[in-house]
>>> print(open('data.tsv').read())   # TSV, C-alpha atoms
chain	number	residue	atom	x	y	z
A	1	MET	CA	0.00	0.00	0.00
A	2	ILE	CA	1.21	3.49	-0.87
A	3	LYS	CA	1.58	5.76	2.16
A	4	GLY	CA	3.41	8.66	0.56
A	5	VAL	CA	3.51	10.39	-2.82
A	6	ILE	CA	6.68	12.18	-3.87
A	7	PHE	CA	6.21	14.76	-6.61
A	8	ASP	CA	8.81	16.17	-8.93
A	9	LEU	CA	8.43	19.95	-9.08
A	10	ASP	CA	8.91	21.44	-12.53
A	11	GLY	CA	6.47	20.04	-15.07
A	12	VAL	CA	4.49	18.16	-12.41
A	13	LEU	CA	3.37	20.67	-9.78
A	14	VAL	CA	4.40	23.93	-11.41
A	15	SER	CA	5.70	25.23	-14.70
A	16	THR	CA	8.84	27.36	-14.60
A	17	ASP	CA	10.24	26.03	-17.88
A	18	GLU	CA	10.03	29.40	-19.60
A	19	LEU	CA	11.93	31.08	-16.76
A	20	HIS	CA	14.69	28.47	-16.93
A	21	TYR	CA	14.90	28.93	-20.68
A	22	LYS	CA	15.15	32.71	-20.37
A	23	ALA	CA	17.92	32.43	-17.77
A	24	TRP	CA	19.98	29.89	-19.73
A	25	LYS	CA	19.51	31.84	-22.97
A	26	GLN	CA	20.69	35.03	-21.26
A	27	LEU	CA	23.80	33.24	-20.00
A	28	ALA	CA	24.45	31.76	-23.44
A	29	GLU	CA	24.21	35.16	-25.09
A	30	ASP	CA	26.49	36.67	-22.46
A	31	LEU	CA	29.03	34.04	-23.51
A	32	GLY	CA	28.58	34.87	-27.19
A	33	ILE	CA	26.48	31.78	-27.88
A	34	MET	CA	23.61	33.16	-29.92
A	35	ASN	CA	22.04	29.90	-31.11
A	36	PHE	CA	20.76	28.45	-27.82
A	37	THR	CA	17.26	27.14	-28.59
A	38	LYS	CA	14.30	25.59	-26.82
A	39	GLU	CA	15.43	22.26	-28.26
A	40	ASP	CA	18.71	22.70	-26.37
A	41	ASN	CA	16.74	23.67	-23.29
A	42	TYR	CA	14.79	20.41	-23.56
A	43	LEU	CA	18.06	18.50	-23.13
A	44	GLN	CA	18.40	20.14	-19.70
A	45	LYS	CA	15.16	18.65	-18.42
A	46	GLY	CA	15.49	16.61	-15.24
A	47	VAL	CA	19.26	17.01	-14.84
A	48	SER	CA	21.47	19.02	-12.52
A	49	ARG	CA	22.48	22.65	-12.92
A	50	MET	CA	26.05	21.70	-13.82
A	51	GLU	CA	24.89	19.16	-16.40
A	52	SER	CA	22.57	21.80	-17.82
A	53	LEU	CA	25.50	24.21	-18.05
A	54	GLU	CA	27.39	21.70	-20.19
A	55	VAL	CA	24.52	21.78	-22.70
A	56	VAL	CA	25.08	25.52	-23.07
A	57	LEU	CA	28.88	25.35	-23.19
A	58	ASN	CA	28.81	22.58	-25.80
A	59	LYS	CA	27.23	25.12	-28.15
A	60	GLY	CA	30.40	27.21	-27.99
A	61	THR	CA	34.10	26.61	-28.57
A	62	LYS	CA	35.71	28.04	-25.44
A	63	LEU	CA	36.92	25.74	-22.68
A	64	TYR	CA	36.32	26.62	-19.04
A	65	THR	CA	37.90	25.49	-15.79
A	66	GLU	CA	35.74	23.86	-13.14
A	67	ALA	CA	36.00	27.02	-11.05
A	68	GLU	CA	34.81	29.14	-13.98
A	69	LYS	CA	31.91	26.73	-14.58
A	70	LEU	CA	30.78	27.13	-10.99
A	71	ILE	CA	30.74	30.90	-11.44
A	72	LEU	CA	28.74	30.58	-14.65
A	73	ALA	CA	26.22	28.21	-13.04
A	74	GLU	CA	25.75	30.66	-10.17
A	75	LYS	CA	25.31	33.51	-12.65
A	76	LYS	CA	22.50	31.61	-14.37
A	77	ASN	CA	20.89	30.79	-11.05
A	78	SER	CA	21.03	34.43	-9.97
A	79	CYS	CA	19.21	35.41	-13.15
A	80	TYR	CA	16.66	32.63	-12.59
A	81	VAL	CA	16.03	33.66	-8.99
A	82	ASP	CA	15.40	37.21	-10.17
A	83	LEU	CA	12.87	35.87	-12.68
A	84	LEU	CA	11.21	33.83	-9.93
A	85	GLN	CA	9.99	37.07	-8.41
A	86	GLU	CA	7.41	37.01	-11.21
A	87	LEU	CA	6.17	33.61	-10.05
A	88	SER	CA	2.71	33.29	-8.53
A	89	THR	CA	-0.07	30.75	-8.08
A	90	GLU	CA	-0.69	31.08	-11.82
A	91	ALA	CA	2.36	28.83	-12.34
A	92	VAL	CA	0.61	25.92	-10.60
A	93	LEU	CA	-0.40	23.30	-13.16
A	94	PRO	CA	-4.02	22.11	-13.64
A	95	HIS	CA	-5.48	19.68	-11.07
A	96	VAL	CA	-2.50	20.03	-8.71
A	97	VAL	CA	-4.27	21.61	-5.75
A	98	GLU	CA	-7.26	19.26	-6.05
A	99	THR	CA	-4.92	16.25	-6.14
A	100	LEU	CA	-2.91	17.38	-3.14
A	101	GLU	CA	-6.07	18.05	-1.15
A	102	MET	CA	-7.47	14.64	-2.09
A	103	LEU	CA	-4.29	12.86	-0.98
A	104	ARG	CA	-4.12	14.73	2.31
A	105	ALA	CA	-7.78	13.90	3.00
A	106	GLN	CA	-6.86	10.21	2.66
A	107	GLY	CA	-3.95	10.51	5.08
A	108	ILE	CA	-1.29	10.18	2.38
A	109	LEU	CA	1.99	11.93	3.14
A	110	ILE	CA	3.19	14.32	0.44
A	111	GLY	CA	6.78	14.98	-0.47
A	112	VAL	CA	8.64	16.84	-3.19
A	113	GLY	CA	11.72	15.36	-4.83
A	114	SER	CA	13.48	17.89	-7.07
A	115	VAL	CA	17.10	18.52	-7.97
A	116	SER	CA	16.42	22.27	-7.92
A	117	LYS	CA	17.98	24.16	-5.02
A	118	ASN	CA	15.25	26.76	-5.50
A	119	THR	CA	12.47	24.32	-4.58
A	120	PRO	CA	11.58	25.95	-1.21
A	121	LEU	CA	11.34	29.39	-2.84
A	122	ILE	CA	9.16	28.07	-5.68
A	123	LEU	CA	6.82	26.30	-3.28
A	124	LYS	CA	6.50	29.48	-1.24
A	125	ARG	CA	5.88	31.75	-4.25
A	126	THR	CA	3.20	29.40	-5.61
A	127	GLU	CA	1.63	28.86	-2.15
A	128	LEU	CA	2.01	25.08	-2.45
A	129	GLU	CA	4.18	24.70	0.65
A	130	GLN	CA	1.06	24.38	2.81
A	131	TYR	CA	0.31	21.01	1.17
A	132	ILE	CA	3.81	19.54	1.40
A	133	ASP	CA	4.98	17.46	4.37
A	134	LYS	CA	8.66	17.14	3.42
A	135	VAL	CA	10.98	18.48	0.73
A	136	SER	CA	14.02	16.78	-0.75
A	137	CYS	CA	15.86	19.03	-3.19
A	138	GLY	CA	19.23	20.11	-4.53
A	139	LEU	CA	20.13	21.40	-1.06
A	140	ASP	CA	19.98	17.85	0.31
A	141	ILE	CA	21.76	15.81	-2.36
A	142	THR	CA	25.05	15.44	-4.18
A	143	ARG	CA	23.85	13.29	-7.09
A	144	SER	CA	21.23	14.17	-9.69
A	145	LYS	CA	18.60	12.04	-11.37
A	146	PRO	CA	18.73	9.36	-12.75
A	147	ASP	CA	20.49	8.62	-9.45
A	148	PRO	CA	17.74	7.85	-6.90
A	149	GLU	CA	19.25	9.92	-4.08
A	150	VAL	CA	16.65	12.71	-4.13
A	151	PHE	CA	13.81	10.20	-3.73
A	152	LEU	CA	15.63	8.15	-1.11
A	153	VAL	CA	16.11	11.31	0.96
A	154	ALA	CA	12.43	12.19	0.52
A	155	ALA	CA	11.30	8.76	1.74
A	156	LYS	CA	13.60	8.99	4.74
A	157	LYS	CA	12.27	12.45	5.62
A	158	LEU	CA	8.70	11.16	5.33
A	159	GLY	CA	9.59	8.23	7.60
A	160	LEU	CA	8.51	5.69	4.99
A	161	GLN	CA	9.99	2.60	3.37
A	162	ASN	CA	10.87	3.03	-0.30
A	163	GLU	CA	8.21	0.57	-1.42
A	164	GLU	CA	5.58	2.62	0.41
A	165	CYS	CA	6.21	5.60	-1.88
A	166	LEU	CA	4.87	6.58	-5.29
A	167	VAL	CA	6.88	9.00	-7.41
A	168	VAL	CA	5.16	11.36	-9.87
A	169	GLU	CA	7.50	12.47	-12.66
A	170	ASP	CA	7.49	13.97	-16.13
A	171	SER	CA	11.05	13.11	-17.18
A	172	ALA	CA	12.74	9.89	-18.21
A	173	ALA	CA	15.59	10.54	-15.79
A	174	GLY	CA	13.09	10.86	-12.95
A	175	ILE	CA	11.33	7.61	-13.82
A	176	VAL	CA	14.67	5.78	-13.94
A	177	ALA	CA	15.53	7.25	-10.53
A	178	ALA	CA	12.19	6.18	-9.05
A	179	LYS	CA	12.61	2.62	-10.25
A	180	ALA	CA	16.18	2.55	-8.94
A	181	ALA	CA	14.76	3.55	-5.54
A	182	ASN	CA	12.31	0.62	-5.71
A	183	MET	CA	9.35	2.99	-5.83
A	184	LYS	CA	6.28	2.80	-8.05
A	185	CYS	CA	6.04	5.68	-10.48
A	186	LEU	CA	3.39	7.69	-12.32
A	187	GLY	CA	4.48	9.38	-15.51
A	188	VAL	CA	2.65	12.60	-16.44
A	189	GLY	CA	3.01	15.40	-18.94
A	190	PRO	CA	3.06	15.68	-22.73
A	191	GLU	CA	5.44	12.72	-23.14
A	192	TYR	CA	3.90	10.44	-20.53
A	193	ARG	CA	3.54	7.52	-22.95
A	194	GLN	CA	7.28	7.49	-23.61
A	195	LEU	CA	8.44	7.45	-19.98
A	196	GLU	CA	7.93	3.72	-19.30
A	197	ALA	CA	6.38	4.45	-15.91
A	198	ASP	CA	4.26	1.96	-13.95
A	199	TYR	CA	1.24	4.23	-14.41
A	200	GLU	CA	0.60	6.86	-17.09
A	201	SER	CA	-1.57	9.95	-17.43
A	202	LEU	CA	-1.46	13.23	-19.31
A	203	THR	CA	-2.38	15.16	-16.15
A	204	LEU	CA	-2.78	14.36	-12.47
A	205	GLN	CA	-6.48	13.71	-12.99
A	206	SER	CA	-7.28	12.80	-16.58
A	207	GLU	CA	-6.44	9.09	-16.62
A	208	VAL	CA	-5.36	8.40	-13.04
A	209	ASP	CA	-7.11	5.72	-11.02
A	210	TRP	CA	-5.80	6.97	-7.69
A	211	HIS	CA	-7.69	4.33	-5.71
A	212	THR	CA	-5.98	1.48	-7.55
A	213	ILE	CA	-2.56	3.16	-7.44
A	214	LEU	CA	-2.68	3.87	-3.71
A	215	GLN	CA	-3.67	0.30	-2.98
A	216	GLY	CA	-0.33	-0.69	-4.49
>>> encode(input="data.tsv", output="structure tokens")
Amino acid sequence: MIKGVIFDLDGVLVSTDELHYKAWKQLAEDLGIMNFTKEDNYLQKGVSRMESLEVVLNKGTKLYTEAEKLILAEKKNSCYVDLLQELSTEAVLPHVVETLEMLRAQGILIGVGSVSKNTPLILKRTELEQYIDKVSCGLDITRSKPDPEVFLVAAKKLGLQNEECLVVEDSAAGIVAAKAANMKCLGVGPEYRQLEADYESLTLQSEVDWHTILQG
């Protein structure tokens, strides 16, 4: 039986994709890389900030030291955090609040498992923090998805066994991480049929039989 549901953040609970794209594109242009596209941005989905930086740098020809890369990654994040000031409850995706309220009413613990170090800020700006019991994010981990660390930390914080948790993800890396953690997984989002999750649905409500899923 499922006792806790761990949600990825971006693309599952909220949408900040456009803000990430704007921040990475600004960094790319500052580096003289003028051809950073949304297709490049897609390659950054579900991976760490440093891995995302490599996507940008691979578009250029200059080589950077590890110290310089850290500075660049922080520069992007600073730009992104500034953009987050625009964030509001309008960024919350459809059916999210109803789903969280339904799970809480059934006594299901709710966690967030995201590699983003900005997770607490995003949850606060979108007013979703009131529904979340525990957060596991980039501040708690050293390894990014598809490594399962972020979900293992979330389960531990929730006080649950791995097999008592369901992960909700919209990225292939996240689904791989969930399975590596021995957790059931629900794939959502535009590419849900390609994620090879245990359960599939376009949104959190459209095709989800929550009763069956929670029974394990």
>>> closest_residue(input="data.tsv", among="A:Lys59, A:Lys75, A:Lys156, A:Arg49", to="Gly138 (chain A)", atoms="only C-alpha atoms")
A:Arg49
>>> residues_around(input="data.tsv", residues="region 148-152 of chain A", least_positions_apart="3", cutoff="12 Å", atoms="only C-alpha atoms", output="ChimeraX atom specification")
/A:4-8,46-48,111-117,134-145,155-169,173-185
>>> atom_distance(input="data.tsv", atom1="CA of Ile110 (chain A)", atom2="CA of Tyr199 (chain A)")
18.1 Å
>>> residues_near_point(input="data.tsv", point="(-4.8, 1.1, -1.8)", cutoff="12 Å", atoms="only C-alpha atoms", output="list in words")
Met1, Ile2, Lys3, Gly4, Leu103, Gln106, Gly107, Ile108, Glu164, Cys165, Leu166, Asp209, Trp210, His211, Thr212, Ile213, Leu214, Gln215 and Gly216 of chain A
>>> closest_residue(input="data.tsv", among="A:Ile71, A:Val56, A:Leu204, A:Met50", to="Ile33 (chain A)", atoms="all atoms listed in the file")
A:Val56
>>> closest_atom_pairs(input="data.tsv", of="region 126-167 of chain A", to="region 92-97 of chain A", cutoff="12 Å", atoms="all atoms listed in the file", output="tab-separated table")
residue	atom	partner	partner_atom	distance
A:Thr126	CA	A:Val92	CA	6.6
A:Glu127	CA	A:Val92	CA	9.0
A:Leu128	CA	A:Val97	CA	7.9
A:Glu129	CA	A:Val97	CA	11.0
A:Gln130	CA	A:Val97	CA	10.5
A:Tyr131	CA	A:Val97	CA	8.3
A:Ile132	CA	A:Val97	CA	11.0
>>> axis_aligned_box(input="data.tsv", around="region 89-103 of chain A", padding_each_side="4 Å", output="lines of an AutoDock Vina configuration file")
center_x = -2.6
center_y = 22.0
center_z = -7.3
size_x = 17.8
size_y = 26.2
size_z = 20.7
>>> residues_near_point(input="data.tsv", point="(27.1, 28.3, -27.1)", cutoff="7 Å", atoms="all atoms listed in the file", output="list in words")
Ala28, Gly32, Ile33, Met34, Asn35, Phe36, Val56, Leu57, Asn58, Lys59 and Gly60 of chain A
>>> build_atoms(input="data.tsv", residues="region 45-76 of chain A", atoms="N, CA and C atoms", output="mmCIF file, in the frame of the given file")
data_model
loop_
_atom_site.group_PDB
_atom_site.id
_atom_site.type_symbol
_atom_site.label_atom_id
_atom_site.label_comp_id
_atom_site.auth_asym_id
_atom_site.auth_seq_id
_atom_site.Cartn_x
_atom_site.Cartn_y
_atom_site.Cartn_z
ATOM 1 N N LYS A 45 16.290 19.075 -19.248
ATOM 2 C CA LYS A 45 15.160 18.650 -18.420
ATOM 3 C C LYS A 45 15.541 17.492 -17.502
ATOM 4 N N GLY A 46 15.304 17.683 -16.201
ATOM 5 C CA GLY A 46 15.490 16.610 -15.240
ATOM 6 C C GLY A 46 16.921 16.365 -14.794
ATOM 7 N N VAL A 47 17.865 17.209 -15.233
ATOM 8 C CA VAL A 47 19.260 17.010 -14.840
ATOM 9 C C VAL A 47 19.744 18.176 -13.991
ATOM 10 N N SER A 48 20.940 18.034 -13.461
ATOM 11 C CA SER A 48 21.470 19.020 -12.520
ATOM 12 C C SER A 48 21.843 20.336 -13.214
ATOM 13 N N ARG A 49 22.075 21.344 -12.400
ATOM 14 C CA ARG A 49 22.480 22.650 -12.920
ATOM 15 C C ARG A 49 23.793 22.558 -13.684
ATOM 16 N N MET A 50 24.747 21.805 -13.155
ATOM 17 C CA MET A 50 26.050 21.700 -13.820
ATOM 18 C C MET A 50 25.949 20.917 -15.122
ATOM 19 N N GLU A 51 25.113 19.896 -15.150
ATOM 20 C CA GLU A 51 24.890 19.160 -16.400
ATOM 21 C C GLU A 51 24.185 20.046 -17.415
ATOM 22 N N SER A 52 23.273 20.866 -16.941
ATOM 23 C CA SER A 52 22.570 21.800 -17.820
ATOM 24 C C SER A 52 23.541 22.831 -18.401
ATOM 25 N N LEU A 53 24.493 23.264 -17.576
ATOM 26 C CA LEU A 53 25.500 24.210 -18.050
ATOM 27 C C LEU A 53 26.297 23.636 -19.206
ATOM 28 N N GLU A 54 26.617 22.346 -19.119
ATOM 29 C CA GLU A 54 27.390 21.700 -20.190
ATOM 30 C C GLU A 54 26.640 21.754 -21.516
ATOM 31 N N VAL A 55 25.307 21.676 -21.468
ATOM 32 C CA VAL A 55 24.520 21.780 -22.700
ATOM 33 C C VAL A 55 24.763 23.132 -23.366
ATOM 34 N N VAL A 56 24.824 24.174 -22.542
ATOM 35 C CA VAL A 56 25.080 25.520 -23.070
ATOM 36 C C VAL A 56 26.505 25.612 -23.605
ATOM 37 N N LEU A 57 27.477 25.198 -22.808
ATOM 38 C CA LEU A 57 28.880 25.350 -23.190
ATOM 39 C C LEU A 57 29.241 24.526 -24.421
ATOM 40 N N ASN A 58 28.551 23.417 -24.622
ATOM 41 C CA ASN A 58 28.810 22.580 -25.800
ATOM 42 C C ASN A 58 28.402 23.274 -27.102
ATOM 43 N N LYS A 59 27.615 24.349 -26.968
ATOM 44 C CA LYS A 59 27.230 25.120 -28.150
ATOM 45 C C LYS A 59 28.346 26.079 -28.584
ATOM 46 N N GLY A 60 29.307 26.297 -27.690
ATOM 47 C CA GLY A 60 30.400 27.210 -27.990
ATOM 48 C C GLY A 60 31.708 26.461 -28.208
ATOM 49 N N THR A 61 32.790 27.208 -28.304
ATOM 50 C CA THR A 61 34.100 26.610 -28.570
ATOM 51 C C THR A 61 35.095 26.834 -27.423
ATOM 52 N N LYS A 62 34.779 27.729 -26.524
ATOM 53 C CA LYS A 62 35.710 28.040 -25.440
ATOM 54 C C LYS A 62 35.656 26.981 -24.346
ATOM 55 N N LEU A 63 36.828 26.685 -23.789
ATOM 56 C CA LEU A 63 36.920 25.740 -22.680
ATOM 57 C C LEU A 63 36.993 26.510 -21.363
ATOM 58 N N TYR A 64 36.357 25.968 -20.340
ATOM 59 C CA TYR A 64 36.320 26.620 -19.040
ATOM 60 C C TYR A 64 36.830 25.692 -17.949
ATOM 61 N N THR A 65 37.457 26.283 -16.941
ATOM 62 C CA THR A 65 37.900 25.490 -15.790
ATOM 63 C C THR A 65 36.678 25.163 -14.932
ATOM 64 N N GLU A 66 36.841 24.221 -14.028
ATOM 65 C CA GLU A 66 35.740 23.860 -13.140
ATOM 66 C C GLU A 66 35.327 25.059 -12.278
ATOM 67 N N ALA A 67 36.306 25.843 -11.853
ATOM 68 C CA ALA A 67 36.000 27.020 -11.050
ATOM 69 C C ALA A 67 35.183 28.027 -11.861
ATOM 70 N N GLU A 68 35.553 28.221 -13.115
ATOM 71 C CA GLU A 68 34.810 29.140 -13.980
ATOM 72 C C GLU A 68 33.391 28.632 -14.221
ATOM 73 N N LYS A 69 33.246 27.313 -14.360
ATOM 74 C CA LYS A 69 31.910 26.730 -14.580
ATOM 75 C C LYS A 69 31.005 26.973 -13.374
ATOM 76 N N LEU A 70 31.566 26.871 -12.202
ATOM 77 C CA LEU A 70 30.780 27.130 -10.990
ATOM 78 C C LEU A 70 30.276 28.571 -10.971
ATOM 79 N N ILE A 71 31.128 29.489 -11.396
ATOM 80 C CA ILE A 71 30.740 30.900 -11.440
ATOM 81 C C ILE A 71 29.624 31.111 -12.459
ATOM 82 N N LEU A 72 29.754 30.450 -13.610
ATOM 83 C CA LEU A 72 28.740 30.580 -14.650
ATOM 84 C C LEU A 72 27.398 29.999 -14.199
ATOM 85 N N ALA A 73 27.451 28.845 -13.527
ATOM 86 C CA ALA A 73 26.220 28.210 -13.040
ATOM 87 C C ALA A 73 25.534 29.112 -12.018
ATOM 88 N N GLU A 74 26.317 29.767 -11.178
ATOM 89 C CA GLU A 74 25.750 30.660 -10.170
ATOM 90 C C GLU A 74 25.180 31.921 -10.845
ATOM 91 N N LYS A 75 25.808 32.350 -11.904
ATOM 92 C CA LYS A 75 25.310 33.510 -12.650
ATOM 93 C C LYS A 75 23.940 33.205 -13.242
ATOM 94 N N LYS A 76 23.806 32.013 -13.830
ATOM 95 C CA LYS A 76 22.500 31.610 -14.370
ATOM 96 C C LYS A 76 21.472 31.549 -13.263
#
